[in-house]
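Presented below is the structure to which this report refers.
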Number of protein chains: 2
Amino acid sequence: MISSPQTESLIKETAKKVLFQKGLLYATTQEIADEAGVNRALIHYYFRSREHLIATLFEEAIAERKARFLNILGMDAPLQTKIATFIDVFIDRATQNPHIDNFIIGEMIRRPNEVKFFCIKDSKLKERLQLQLDEEISKGTIKPISLTHFLVNLSSLCNYPILAKPILQTIHGMSELGYKKFLQERKKVIFKTIFKNNFQNGTSDPAIH
Amino acid sequence: MISSPQTESLIKETAKKVLFQKGLLYATTQEIADEAGVNRALIHYYFRSREHLIATLFEEAIAERKARFLNILGMDAPLQTKIATFIDVFIDRATQNPHIDNFIIGEMIRRPNEVKFFCIKDSKLKERLQLQLDEEISKGTIKPISLTHFLVNLSSLCNYPILAKPILQTIHGMSELGYKKFLQERKKVIFKTIFKNNFQNGTSDPAIH
DNA sequence: TCCATGTTTATCATTTTTGTTAAACATTAG
DNA sequence: CTAATGTTTAACAAAAATGATAAACATGGA
């Protein structure tokens with residue numbers, strides 16, 4: 001008999017929604033089951049335990065993040081295109097799942113052994129990025145900076161405003177709509193913060209005033 | 001009889017240590033009591049409930065953050081000095097309590113009503129900063145940018161690398177020592193990312209290669 | 001139809017965590 | 001010294017969360 005993956009998938013997707021979108025990282029199995037509209041026992045039926053469910057979410061989250069990271073930065077394109085794509089994709093993706101980084105970090109702290117994640121230290125990707133970065137630096141479009149700091153700058157500028165959404169909203173007094181507009185403006189701002197020229201387009205920039 | 005605040009203070013400081021330094025945001029009262037070496041009932045004696053303890057930590061955390069923010073950005077000094085100080089203080093402070101932002105964000109999500117935090121929208125601070133920023137922009141030391149995006153850039157660059165420490169360490173293959181060195185380098189990198197000139201000093205920069 | 005297999009539910013047991021209470025302990029003023 | 005007050009502890013009670021199980025239910029093939 002064919003096992004219908006509907007319920008299993010429903011539980012997993014609901015768990016992602018509760019944890020990554022709502023930010024309830026401490027959600028109980030009952031809360032997840034209620035949100036999914038299924039009996040709590042089904043979580044144990046399909047995932048054995050809460051811990052297994054969480055571990056599954058964690059593995060998928062880092063796999064997805066890694067794939068996105070490598071796909072975008074590894075594509076065959078000029079650095080400026082890669083970065084513009086990175087900004088666009090990471091901001092949009094993180095907007096959908098604003099608390100996924102919090103979850104990943106929390107899990108990595110909670111069980112420091114089982115974490116493998118990924119390391120770009122010795123990959124060819126790193127070499128290629130280094131070449132592209134050097135090229136931009138010698139062209140004068142990027143100020144001298146190490147590849148690591150460059151990538152951390154990029155990640156910081158994209159991810160922090162989403163991770164710290166409640167803080168930004170209160171400090172700068174943003175409504176929900178204002179915040180949304182702010183994030184879209186931000187794509188251009190980040191690009192301009194990283195590159196000296198204005199690659200993306202020449203339209204007037206609402207983010208300045 | 002004078003109530004000795006030693007135990008109460010010990011519990012609170014230990015709770016901060018467990019939550020903000022170790023990152024165990026889901027820590028039980030028993031874990032906190034054990035870490036402090038006191039009987040768990042004392043937590044209820046001094047703080048009534050776990051919830052009250054957490055609320056106390058939350059209020060102090062945002063008060064401290066607010067004070068630091070306003071003190072540094074509100075001091076009577078050139079913008080470059082303020083920013084350099086901000087970077088220095090926030091990175092060092094966040095290094096001591098790497099998970100405090102995670103905690104604040106989690107609490108703000110968990111009880112969206114009770115959050116007052118602070119808003120710089122209509123303060124004189126904002127006007128003064130805007131003047132200083134405009135001045136730098138017209139001098140050409142900062143690229144045109146709105147004050148909000150400028151401040152968010154600054155916060156992002158300072159805080160994300162600490163908040164996402166485990167992610168950075170695995171992606172870029174950093175040891176504990178390497179990470180520490182990285183954060184110190186980062187102070188200069190952030191300043192140079194924000195300002196076009198190199199204000200701080202003219203020594204050779206280890207962060208480039 | 002009826003059986004076999006997979007799925008779902010209701011119920012119970014266990015564990016974990018929080019919160020309470022009364023008694024023991026310490027300290028200081030009188 | 002001792003009585004009063006504040007502090008600490010051990011033990012208990014209650015609540016919440018996880019996990020396990022057996023029975024009910026559904027479905028598809030012989």
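In the structure tokens, each chain is lettered A, B, ... as it comes, each chain's residues begin at 1, and ligands are numbered from 1 in order of appearance.
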Cα-based RMSD, chain B fitted onto chain A, all atoms paired in sequence order: value?
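The superposed chains show a C-alpha RMSD of 0.0 Å.
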Please tabulate, as JSON lines, the residues of chain C that come within 8 Å of chain B, each with its closest pair of atoms and the distance in Å to one decimal, counting only C-alpha atoms (C1' of nucleotides) and ordering rows by chain, then residue number upward.
{"residue": "C:DT17", "atom": "C1'", "partner": "B:Thr28", "partner_atom": "CA", "distance": 7.4}
{"residue": "C:DG19", "atom": "C1'", "partner": "B:Ser49", "partner_atom": "CA", "distance": 7.7}
{"residue": "C:DT28", "atom": "C1'", "partner": "B:Met1", "partner_atom": "CA", "distance": 7.3}
Please save C-alpha atoms (C1' of nucleotides) of the selected residues as a PDB file, in the first residue's frame.
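Saved to out16.pdb:
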ATOM      1  C1'  DT C  17       8.625  21.641  35.199  1.00  0.00           C
ATOM      2  C1'  DG C  19       4.601  26.593  42.052  1.00  0.00           C
ATOM      3  C1'  DT C  28      19.915  41.245  64.630  1.00  0.00           C
TER       4       DT C  28
END
If we count only C-alpha atoms (C1' of nucleotides), what is near A:Leu125 at a cut-off of 12 Å, once residues fewer than 2 positions away on the same chain are taken out, given as a PDB file with N, CA, C and O atoms, in the first residue's frame?
ATOM      1  N   PHE A  69      22.878  29.458  -0.941  1.00  0.00           N
ATOM      2  CA  PHE A  69      24.160  30.160  -0.855  1.00  0.00           C
ATOM      3  C   PHE A  69      25.079  29.768  -2.020  1.00  0.00           C
ATOM      4  O   PHE A  69      25.597  30.611  -2.740  1.00  0.00           O
ATOM      5  N   LEU A  70      25.245  28.450  -2.197  1.00  0.00           N
ATOM      6  CA  LEU A  70      26.174  27.968  -3.223  1.00  0.00           C
ATOM      7  C   LEU A  70      25.642  28.232  -4.622  1.00  0.00           C
ATOM      8  O   LEU A  70      26.405  28.595  -5.522  1.00  0.00           O
ATOM      9  N   ASN A  71      24.355  28.052  -4.824  1.00  0.00           N
ATOM     10  CA  ASN A  71      23.787  28.274  -6.154  1.00  0.00           C
ATOM     11  C   ASN A  71      23.992  29.710  -6.614  1.00  0.00           C
ATOM     12  O   ASN A  71      24.413  29.954  -7.739  1.00  0.00           O
ATOM     13  N   ILE A  72      23.681  30.631  -5.732  1.00  0.00           N
ATOM     14  CA  ILE A  72      23.740  32.034  -6.144  1.00  0.00           C
ATOM     15  C   ILE A  72      25.181  32.495  -6.305  1.00  0.00           C
ATOM     16  O   ILE A  72      25.551  33.056  -7.330  1.00  0.00           O
ATOM     17  N   LEU A  73      26.006  32.217  -5.308  1.00  0.00           N
ATOM     18  CA  LEU A  73      27.385  32.708  -5.384  1.00  0.00           C
ATOM     19  C   LEU A  73      28.225  31.869  -6.345  1.00  0.00           C
ATOM     20  O   LEU A  73      29.310  32.283  -6.738  1.00  0.00           O
ATOM     21  N   GLY A  74      27.728  30.692  -6.701  1.00  0.00           N
ATOM     22  CA  GLY A  74      28.484  29.831  -7.600  1.00  0.00           C
ATOM     23  C   GLY A  74      28.071  29.947  -9.052  1.00  0.00           C
ATOM     24  O   GLY A  74      28.676  29.329  -9.922  1.00  0.00           O
ATOM     25  N   MET A  75      27.051  30.747  -9.337  1.00  0.00           N
ATOM     26  CA  MET A  75      26.581  30.805 -10.723  1.00  0.00           C
ATOM     27  C   MET A  75      27.585  31.542 -11.605  1.00  0.00           C
ATOM     28  O   MET A  75      28.442  32.278 -11.113  1.00  0.00           O
ATOM     29  N   ASP A  76      27.453  31.300 -12.888  1.00  0.00           N
ATOM     30  CA  ASP A  76      28.408  31.858 -13.848  1.00  0.00           C
ATOM     31  C   ASP A  76      27.945  33.251 -14.253  1.00  0.00           C
ATOM     32  O   ASP A  76      27.183  33.417 -15.205  1.00  0.00           O
ATOM     33  N   CYS A 119      31.279  24.302   5.006  1.00  0.00           N
ATOM     34  CA  CYS A 119      32.431  25.179   5.094  1.00  0.00           C
ATOM     35  C   CYS A 119      32.912  25.464   3.685  1.00  0.00           C
ATOM     36  O   CYS A 119      33.105  24.542   2.902  1.00  0.00           O
ATOM     37  N   ILE A 120      33.076  26.749   3.342  1.00  0.00           N
ATOM     38  CA  ILE A 120      33.520  27.055   1.986  1.00  0.00           C
ATOM     39  C   ILE A 120      35.034  27.249   1.947  1.00  0.00           C
ATOM     40  O   ILE A 120      35.578  27.700   0.953  1.00  0.00           O
ATOM     41  N   LYS A 121      35.677  26.852   3.015  1.00  0.00           N
ATOM     42  CA  LYS A 121      37.091  27.165   3.159  1.00  0.00           C
ATOM     43  C   LYS A 121      37.926  26.737   1.947  1.00  0.00           C
ATOM     44  O   LYS A 121      38.662  27.523   1.380  1.00  0.00           O
ATOM     45  N   ASP A 122      37.808  25.481   1.565  1.00  0.00           N
ATOM     46  CA  ASP A 122      38.706  24.958   0.540  1.00  0.00           C
ATOM     47  C   ASP A 122      38.008  24.724  -0.798  1.00  0.00           C
ATOM     48  O   ASP A 122      38.549  24.080  -1.671  1.00  0.00           O
ATOM     49  N   SER A 123      36.825  25.232  -0.948  1.00  0.00           N
ATOM     50  CA  SER A 123      36.116  24.944  -2.188  1.00  0.00           C
ATOM     51  C   SER A 123      36.628  25.829  -3.312  1.00  0.00           C
ATOM     52  O   SER A 123      37.258  26.865  -3.091  1.00  0.00           O
ATOM     53  N   GLU A 127      37.815  30.279  -4.309  1.00  0.00           N
ATOM     54  CA  GLU A 127      38.850  30.806  -5.215  1.00  0.00           C
ATOM     55  C   GLU A 127      38.238  31.737  -6.260  1.00  0.00           C
ATOM     56  O   GLU A 127      38.762  32.816  -6.534  1.00  0.00           O
ATOM     57  N   ARG A 128      37.135  31.280  -6.832  1.00  0.00           N
ATOM     58  CA  ARG A 128      36.512  32.071  -7.896  1.00  0.00           C
ATOM     59  C   ARG A 128      36.003  33.409  -7.359  1.00  0.00           C
ATOM     60  O   ARG A 128      36.152  34.451  -7.992  1.00  0.00           O
ATOM     61  N   LEU A 129      35.379  33.341  -6.162  1.00  0.00           N
ATOM     62  CA  LEU A 129      34.891  34.580  -5.569  1.00  0.00           C
ATOM     63  C   LEU A 129      36.047  35.528  -5.270  1.00  0.00           C
ATOM     64  O   LEU A 129      35.951  36.736  -5.492  1.00  0.00           O
ATOM     65  N   GLN A 130      37.144  34.950  -4.786  1.00  0.00           N
ATOM     66  CA  GLN A 130      38.307  35.775  -4.468  1.00  0.00           C
ATOM     67  C   GLN A 130      38.809  36.489  -5.721  1.00  0.00           C
ATOM     68  O   GLN A 130      39.125  37.690  -5.683  1.00  0.00           O
ATOM     69  N   LEU A 131      38.852  35.774  -6.835  1.00  0.00           N
ATOM     70  CA  LEU A 131      39.289  36.384  -8.094  1.00  0.00           C
ATOM     71  C   LEU A 131      38.369  37.526  -8.490  1.00  0.00           C
ATOM     72  O   LEU A 131      38.816  38.613  -8.862  1.00  0.00           O
ATOM     73  N   GLN A 132      37.065  37.253  -8.401  1.00  0.00           N
ATOM     74  CA  GLN A 132      36.102  38.295  -8.778  1.00  0.00           C
ATOM     75  C   GLN A 132      36.197  39.503  -7.868  1.00  0.00           C
ATOM     76  O   GLN A 132      36.102  40.642  -8.323  1.00  0.00           O
ATOM     77  N   LEU A 147      37.746  38.528   1.585  1.00  0.00           N
ATOM     78  CA  LEU A 147      36.546  37.842   1.106  1.00  0.00           C
ATOM     79  C   LEU A 147      35.614  37.510   2.268  1.00  0.00           C
ATOM     80  O   LEU A 147      34.388  37.679   2.178  1.00  0.00           O
TER      81      LEU A 147
END
Output as a VMD selection string all residues of stretch 8-188 of chain A that backbone DSSP marks as helix (DSSP H, G or I).
chain A and resid 8 to 21 29 to 36 41 to 47 50 to 74 79 to 96 100 to 110 124 to 139 147 to 163 165 to 171 176 to 188
Using only C-alpha atoms (C1' of nucleotides), find which residues of chain D lie within 10 Å of chain A and jot them down as a PyMOL selection string.
chain D and resi 17-20+27-29
For the selection just defined, write its residues with all heavy atoms to a file, as a compact mmCIF listing (two decimals), in the first residue's frame.
# COMPACT_ATOMS: atom_id res chain seq x y z
P DA D 17 2.40 22.98 27.91
OP1 DA D 17 3.08 24.18 27.41
OP2 DA D 17 0.99 22.72 27.58
O5' DA D 17 3.25 21.71 27.45
C5' DA D 17 4.61 21.62 27.86
C4' DA D 17 5.10 20.23 27.59
O4' DA D 17 4.55 19.34 28.58
C3' DA D 17 4.68 19.68 26.22
O3' DA D 17 5.81 19.45 25.41
C2' DA D 17 3.94 18.39 26.54
C1' DA D 17 4.32 18.09 27.97
N9 DA D 17 3.23 17.45 28.69
C8 DA D 17 1.93 17.87 28.79
N7 DA D 17 1.17 17.06 29.49
C5 DA D 17 2.02 16.05 29.86
C6 DA D 17 1.82 14.88 30.62
N6 DA D 17 0.65 14.55 31.14
N1 DA D 17 2.88 14.07 30.81
C2 DA D 17 4.07 14.43 30.28
N3 DA D 17 4.37 15.50 29.55
C4 DA D 17 3.30 16.27 29.38
P DT D 18 5.67 18.73 24.01
OP1 DT D 18 6.65 19.37 23.12
OP2 DT D 18 4.25 18.65 23.66
O5' DT D 18 6.18 17.26 24.35
C5' DT D 18 7.39 17.08 25.03
C4' DT D 18 7.53 15.62 25.44
O4' DT D 18 6.43 15.25 26.31
C3' DT D 18 7.48 14.65 24.27
O3' DT D 18 8.64 13.83 24.30
C2' DT D 18 6.21 13.84 24.47
C1' DT D 18 5.95 13.99 25.96
N1 DT D 18 4.51 13.93 26.35
C2 DT D 18 4.08 12.91 27.18
O2 DT D 18 4.82 12.04 27.60
N3 DT D 18 2.74 12.94 27.49
C4 DT D 18 1.81 13.87 27.08
O4 DT D 18 0.64 13.80 27.43
C5 DT D 18 2.33 14.92 26.22
C7 DT D 18 1.40 15.98 25.72
C6 DT D 18 3.63 14.90 25.90
P DG D 19 9.02 12.95 23.02
OP1 DG D 19 10.48 12.76 23.04
OP2 DG D 19 8.36 13.49 21.84
O5' DG D 19 8.34 11.56 23.39
C5' DG D 19 8.69 10.94 24.61
C4' DG D 19 7.81 9.74 24.87
O4' DG D 19 6.48 10.15 25.27
C3' DG D 19 7.61 8.80 23.67
O3' DG D 19 7.84 7.48 24.10
C2' DG D 19 6.15 9.03 23.27
C1' DG D 19 5.53 9.33 24.63
N9 DG D 19 4.25 10.03 24.61
C8 DG D 19 3.95 11.20 23.96
N7 DG D 19 2.70 11.60 24.15
C5 DG D 19 2.17 10.62 24.98
C6 DG D 19 0.87 10.50 25.53
O6 DG D 19 -0.10 11.25 25.39
N1 DG D 19 0.75 9.35 26.33
C2 DG D 19 1.75 8.45 26.56
N2 DG D 19 1.47 7.42 27.35
N3 DG D 19 2.98 8.56 26.06
C4 DG D 19 3.11 9.66 25.28
P DA D 20 7.94 6.28 23.12
OP1 DA D 20 9.19 5.56 23.45
OP2 DA D 20 7.70 6.78 21.76
O5' DA D 20 6.71 5.37 23.57
C5' DA D 20 6.48 5.16 24.96
C4' DA D 20 5.21 4.35 25.16
O4' DA D 20 4.06 5.23 25.11
C3' DA D 20 4.97 3.27 24.11
O3' DA D 20 4.48 2.11 24.77
C2' DA D 20 3.93 3.89 23.19
C1' DA D 20 3.12 4.74 24.17
N9 DA D 20 2.48 5.90 23.58
C8 DA D 20 3.01 6.81 22.71
N7 DA D 20 2.18 7.77 22.36
C5 DA D 20 1.02 7.48 23.05
C6 DA D 20 -0.24 8.11 23.11
N6 DA D 20 -0.54 9.22 22.43
N1 DA D 20 -1.17 7.55 23.90
C2 DA D 20 -0.88 6.45 24.58
N3 DA D 20 0.26 5.76 24.60
C4 DA D 20 1.18 6.33 23.81
P DT D 27 -10.94 6.37 2.56
OP1 DT D 27 -10.82 7.80 2.24
OP2 DT D 27 -12.24 5.68 2.43
O5' DT D 27 -9.85 5.58 1.72
C5' DT D 27 -8.59 5.27 2.32
C4' DT D 27 -7.97 4.08 1.62
O4' DT D 27 -8.05 2.89 2.46
C3' DT D 27 -8.64 3.68 0.30
O3' DT D 27 -7.66 3.33 -0.64
C2' DT D 27 -9.49 2.49 0.69
C1' DT D 27 -8.54 1.83 1.68
N1 DT D 27 -9.18 0.85 2.60
C2 DT D 27 -8.47 -0.26 2.98
O2 DT D 27 -7.35 -0.48 2.60
N3 DT D 27 -9.14 -1.11 3.83
C4 DT D 27 -10.42 -0.95 4.32
O4 DT D 27 -10.91 -1.78 5.08
C5 DT D 27 -11.10 0.23 3.88
C7 DT D 27 -12.50 0.48 4.36
C6 DT D 27 -10.47 1.07 3.06
P DG D 28 -7.94 3.46 -2.21
OP1 DG D 28 -7.82 4.85 -2.65
OP2 DG D 28 -9.21 2.73 -2.45
O5' DG D 28 -6.74 2.61 -2.83
C5' DG D 28 -5.73 2.09 -1.97
C4' DG D 28 -5.56 0.60 -2.18
O4' DG D 28 -6.34 -0.12 -1.18
C3' DG D 28 -6.03 0.08 -3.54
O3' DG D 28 -5.08 -0.84 -4.03
C2' DG D 28 -7.36 -0.61 -3.23
C1' DG D 28 -7.08 -1.14 -1.82
N9 DG D 28 -8.27 -1.37 -1.01
C8 DG D 28 -9.43 -0.61 -0.99
N7 DG D 28 -10.32 -1.08 -0.16
C5 DG D 28 -9.72 -2.20 0.40
C6 DG D 28 -10.21 -3.11 1.38
O6 DG D 28 -11.29 -3.10 1.96
N1 DG D 28 -9.28 -4.10 1.66
C2 DG D 28 -8.03 -4.21 1.08
N2 DG D 28 -7.28 -5.22 1.48
N3 DG D 28 -7.57 -3.36 0.17
C4 DG D 28 -8.47 -2.39 -0.12
P DG D 29 -5.16 -1.41 -5.49
OP1 DG D 29 -3.95 -1.01 -6.23
OP2 DG D 29 -6.50 -1.13 -6.04
O5' DG D 29 -5.05 -2.99 -5.21
C5' DG D 29 -3.94 -3.49 -4.46
C4' DG D 29 -4.25 -4.89 -3.96
O4' DG D 29 -5.40 -4.86 -3.08
C3' DG D 29 -4.59 -5.89 -5.07
O3' DG D 29 -4.01 -7.15 -4.76
C2' DG D 29 -6.11 -5.96 -5.03
C1' DG D 29 -6.37 -5.79 -3.53
N9 DG D 29 -7.68 -5.25 -3.19
C8 DG D 29 -8.29 -4.14 -3.72
N7 DG D 29 -9.46 -3.89 -3.21
C5 DG D 29 -9.63 -4.90 -2.27
C6 DG D 29 -10.73 -5.15 -1.39
O6 DG D 29 -11.78 -4.51 -1.27
N1 DG D 29 -10.50 -6.27 -0.60
C2 DG D 29 -9.37 -7.05 -0.64
N2 DG D 29 -9.32 -8.08 0.18
N3 DG D 29 -8.34 -6.83 -1.46
C4 DG D 29 -8.55 -5.75 -2.24
With a distance threshold of 6 Å and counting only C-alpha atoms, extract the residues of chain A near chain B and express them as an mmCIF file with all heavy atoms, in the first residue's frame.
data_model
loop_
_atom_site.group_PDB
_atom_site.id
_atom_site.type_symbol
_atom_site.label_atom_id
_atom_site.label_comp_id
_atom_site.auth_asym_id
_atom_site.auth_seq_id
_atom_site.Cartn_x
_atom_site.Cartn_y
_atom_site.Cartn_z
ATOM 1 N N PHE A 118 28.246 23.482 6.644
ATOM 2 C CA PHE A 118 29.159 23.430 5.507
ATOM 3 C C PHE A 118 30.199 24.526 5.646
ATOM 4 O O PHE A 118 30.005 25.519 6.324
ATOM 5 C CB PHE A 118 28.411 23.585 4.189
ATOM 6 C CG PHE A 118 27.850 24.944 3.960
ATOM 7 C CD1 PHE A 118 28.465 25.807 3.057
ATOM 8 C CD2 PHE A 118 26.716 25.375 4.627
ATOM 9 C CE1 PHE A 118 27.944 27.072 2.833
ATOM 10 C CE2 PHE A 118 26.197 26.639 4.397
ATOM 11 C CZ PHE A 118 26.814 27.481 3.501
ATOM 12 N N CYS A 119 31.279 24.302 5.006
ATOM 13 C CA CYS A 119 32.431 25.179 5.094
ATOM 14 C C CYS A 119 32.912 25.464 3.685
ATOM 15 O O CYS A 119 33.105 24.542 2.902
ATOM 16 C CB CYS A 119 33.523 24.502 5.918
ATOM 17 S SG CYS A 119 35.067 25.414 5.984
ATOM 18 N N ILE A 120 33.076 26.749 3.342
ATOM 19 C CA ILE A 120 33.520 27.055 1.986
ATOM 20 C C ILE A 120 35.034 27.249 1.947
ATOM 21 O O ILE A 120 35.578 27.700 0.953
ATOM 22 C CB ILE A 120 32.836 28.329 1.439
ATOM 23 C CG1 ILE A 120 33.212 29.558 2.266
ATOM 24 C CG2 ILE A 120 31.341 28.165 1.378
ATOM 25 C CD1 ILE A 120 32.889 30.846 1.548
ATOM 26 N N LYS A 121 35.677 26.852 3.015
ATOM 27 C CA LYS A 121 37.091 27.165 3.159
ATOM 28 C C LYS A 121 37.926 26.737 1.947
ATOM 29 O O LYS A 121 38.662 27.523 1.380
ATOM 30 C CB LYS A 121 37.642 26.480 4.423
ATOM 31 C CG LYS A 121 38.912 27.146 4.935
ATOM 32 C CD LYS A 121 39.258 26.624 6.311
ATOM 33 C CE LYS A 121 40.389 27.460 6.898
ATOM 34 N NZ LYS A 121 40.739 27.022 8.258
ATOM 35 N N ILE A 145 39.005 44.767 0.866
ATOM 36 C CA ILE A 145 38.378 44.013 1.956
ATOM 37 C C ILE A 145 38.657 42.540 1.724
ATOM 38 O O ILE A 145 38.810 42.110 0.581
ATOM 39 C CB ILE A 145 36.849 44.289 1.983
ATOM 40 C CG1 ILE A 145 36.190 43.696 3.229
ATOM 41 C CG2 ILE A 145 36.185 43.762 0.713
ATOM 42 C CD1 ILE A 145 34.728 44.095 3.392
ATOM 43 N N SER A 146 38.748 41.773 2.797
ATOM 44 C CA SER A 146 38.949 40.330 2.641
ATOM 45 C C SER A 146 37.641 39.692 2.208
ATOM 46 O O SER A 146 36.557 40.235 2.447
ATOM 47 C CB SER A 146 39.415 39.715 3.951
ATOM 48 O OG SER A 146 38.328 39.597 4.843
ATOM 49 N N SER A 156 25.188 40.136 6.890
ATOM 50 C CA SER A 156 24.712 40.996 7.971
ATOM 51 C C SER A 156 23.663 41.970 7.465
ATOM 52 O O SER A 156 22.581 42.097 8.047
ATOM 53 C CB SER A 156 25.882 41.779 8.566
ATOM 54 O OG SER A 156 26.877 40.904 9.062
ATOM 55 N N LEU A 157 23.981 42.639 6.388
ATOM 56 C CA LEU A 157 23.086 43.675 5.871
ATOM 57 C C LEU A 157 21.761 43.084 5.411
ATOM 58 O O LEU A 157 20.716 43.722 5.543
ATOM 59 C CB LEU A 157 23.771 44.422 4.722
ATOM 60 C CG LEU A 157 24.976 45.281 5.135
ATOM 61 C CD1 LEU A 157 25.774 45.734 3.919
ATOM 62 C CD2 LEU A 157 24.513 46.495 5.943
ATOM 63 N N TYR A 160 20.136 40.731 9.216
ATOM 64 C CA TYR A 160 19.836 41.334 10.516
ATOM 65 C C TYR A 160 18.511 42.091 10.542
ATOM 66 O O TYR A 160 17.727 41.927 11.487
ATOM 67 C CB TYR A 160 20.978 42.240 10.978
ATOM 68 C CG TYR A 160 20.730 42.807 12.358
ATOM 69 C CD1 TYR A 160 20.971 42.031 13.482
ATOM 70 C CD2 TYR A 160 20.217 44.088 12.542
ATOM 71 C CE1 TYR A 160 20.717 42.526 14.754
ATOM 72 C CE2 TYR A 160 19.965 44.584 13.802
ATOM 73 C CZ TYR A 160 20.220 43.800 14.904
ATOM 74 O OH TYR A 160 19.954 44.293 16.148
ATOM 75 N N THR A 170 10.137 48.969 16.491
ATOM 76 C CA THR A 170 9.890 49.833 17.643
ATOM 77 C C THR A 170 10.839 51.022 17.659
ATOM 78 O O THR A 170 10.410 52.155 17.895
ATOM 79 C CB THR A 170 10.008 49.061 18.963
ATOM 80 O OG1 THR A 170 11.234 48.347 18.974
ATOM 81 C CG2 THR A 170 8.871 48.083 19.130
ATOM 82 N N ILE A 171 12.125 50.784 17.395
ATOM 83 C CA ILE A 171 13.079 51.901 17.433
ATOM 84 C C ILE A 171 12.731 52.954 16.393
ATOM 85 O O ILE A 171 12.738 54.145 16.675
ATOM 86 C CB ILE A 171 14.523 51.392 17.206
ATOM 87 C CG1 ILE A 171 15.019 50.636 18.428
ATOM 88 C CG2 ILE A 171 15.457 52.568 16.909
ATOM 89 C CD1 ILE A 171 16.473 50.249 18.344
ATOM 90 N N HIS A 172 12.417 52.516 15.197
ATOM 91 C CA HIS A 172 12.186 53.471 14.109
ATOM 92 C C HIS A 172 10.711 53.720 13.837
ATOM 93 O O HIS A 172 10.360 54.355 12.851
ATOM 94 C CB HIS A 172 12.906 52.992 12.845
ATOM 95 C CG HIS A 172 14.397 52.927 12.998
ATOM 96 N ND1 HIS A 172 15.066 51.750 13.173
ATOM 97 C CD2 HIS A 172 15.333 53.912 13.051
ATOM 98 C CE1 HIS A 172 16.362 51.998 13.307
ATOM 99 N NE2 HIS A 172 16.557 53.300 13.240
ATOM 100 N N GLY A 173 9.870 53.171 14.727
ATOM 101 C CA GLY A 173 8.450 53.450 14.632
ATOM 102 C C GLY A 173 7.820 53.084 13.304
ATOM 103 O O GLY A 173 7.161 53.893 12.666
ATOM 104 N N ALA A 207 14.906 55.687 -0.924
ATOM 105 C CA ALA A 207 15.464 55.330 0.381
ATOM 106 C C ALA A 207 16.307 56.452 0.979
ATOM 107 O O ALA A 207 16.688 56.395 2.132
ATOM 108 C CB ALA A 207 16.314 54.071 0.238
ATOM 109 N N ILE A 208 16.587 57.468 0.182
ATOM 110 C CA ILE A 208 17.484 58.513 0.692
ATOM 111 C C ILE A 208 16.747 59.457 1.632
ATOM 112 O O ILE A 208 17.266 59.833 2.659
ATOM 113 C CB ILE A 208 18.123 59.278 -0.489
ATOM 114 C CG1 ILE A 208 19.039 58.319 -1.252
ATOM 115 C CG2 ILE A 208 18.905 60.487 0.003
ATOM 116 C CD1 ILE A 208 19.653 58.899 -2.491
ATOM 117 N N HIS A 209 15.521 59.816 1.261
ATOM 118 C CA HIS A 209 14.757 60.683 2.184
ATOM 119 C C HIS A 209 13.358 60.137 2.441
ATOM 120 O O HIS A 209 13.182 58.998 2.696
ATOM 121 C CB HIS A 209 14.680 62.099 1.624
ATOM 122 C CG HIS A 209 15.996 62.801 1.675
ATOM 123 N ND1 HIS A 209 16.616 63.143 2.855
ATOM 124 C CD2 HIS A 209 16.841 63.168 0.698
ATOM 125 C CE1 HIS A 209 17.759 63.725 2.589
ATOM 126 N NE2 HIS A 209 17.936 63.743 1.293
#
Pick out the residues sitting within 12 Å of D:DA26, and hand them over as a ChimeraX atom specification; count only C-alpha atoms (C1' of nucleotides), and ignore anything fewer than 6 positions along from it in its own chain.
/C:5-8
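Atom CA of A:Ala84 to atom CA of A:Ile137 spans 17.1 Å [interatomic distance, one decimal].
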Name the closest residue to D:DA24 among the candidates C:DT9, C:DT21, C:DT1, C:DT16; distances are taken between atoms, counting only C-alpha atoms (C1' of nucleotides).
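The shortest atom-to-atom distance to D:DA24 comes from C:DT9.
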Atom CA of A:Asp134 to atom CA of A:Phe86: how many Å, to one decimal?
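Pair atom CA of A:Asp134 / atom CA of A:Phe86 returns 18.9 Å.
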If we count only C-alpha atoms (C1' of nucleotides), what is near A:Gln21 at a cut-off of 7 Å, once residues fewer than 5 positions away on the same chain are taken out, given as a PDB file with N, CA, C and O atoms, in the first residue's frame?
ATOM      1  N   GLN A  96       9.878  35.646   4.208  1.00  0.00           N
ATOM      2  CA  GLN A  96       8.891  34.577   4.372  1.00  0.00           C
ATOM      3  C   GLN A  96       9.117  33.798   5.669  1.00  0.00           C
ATOM      4  O   GLN A  96       8.161  33.382   6.320  1.00  0.00           O
ATOM      5  N   ASN A  97      10.378  33.584   6.025  1.00  0.00           N
ATOM      6  CA  ASN A  97      10.718  32.808   7.226  1.00  0.00           C
ATOM      7  C   ASN A  97      11.637  33.618   8.132  1.00  0.00           C
ATOM      8  O   ASN A  97      12.814  33.299   8.267  1.00  0.00           O
ATOM      9  N   PRO A  98      11.100  34.642   8.763  1.00  0.00           N
ATOM     10  CA  PRO A  98      11.979  35.594   9.441  1.00  0.00           C
ATOM     11  C   PRO A  98      12.765  35.019  10.619  1.00  0.00           C
ATOM     12  O   PRO A  98      13.753  35.607  11.035  1.00  0.00           O
ATOM     13  N   HIS A  99      12.322  33.864  11.155  1.00  0.00           N
ATOM     14  CA  HIS A  99      12.970  33.367  12.370  1.00  0.00           C
ATOM     15  C   HIS A  99      13.802  32.117  12.152  1.00  0.00           C
ATOM     16  O   HIS A  99      14.227  31.470  13.099  1.00  0.00           O
TER      17      HIS A  99
END
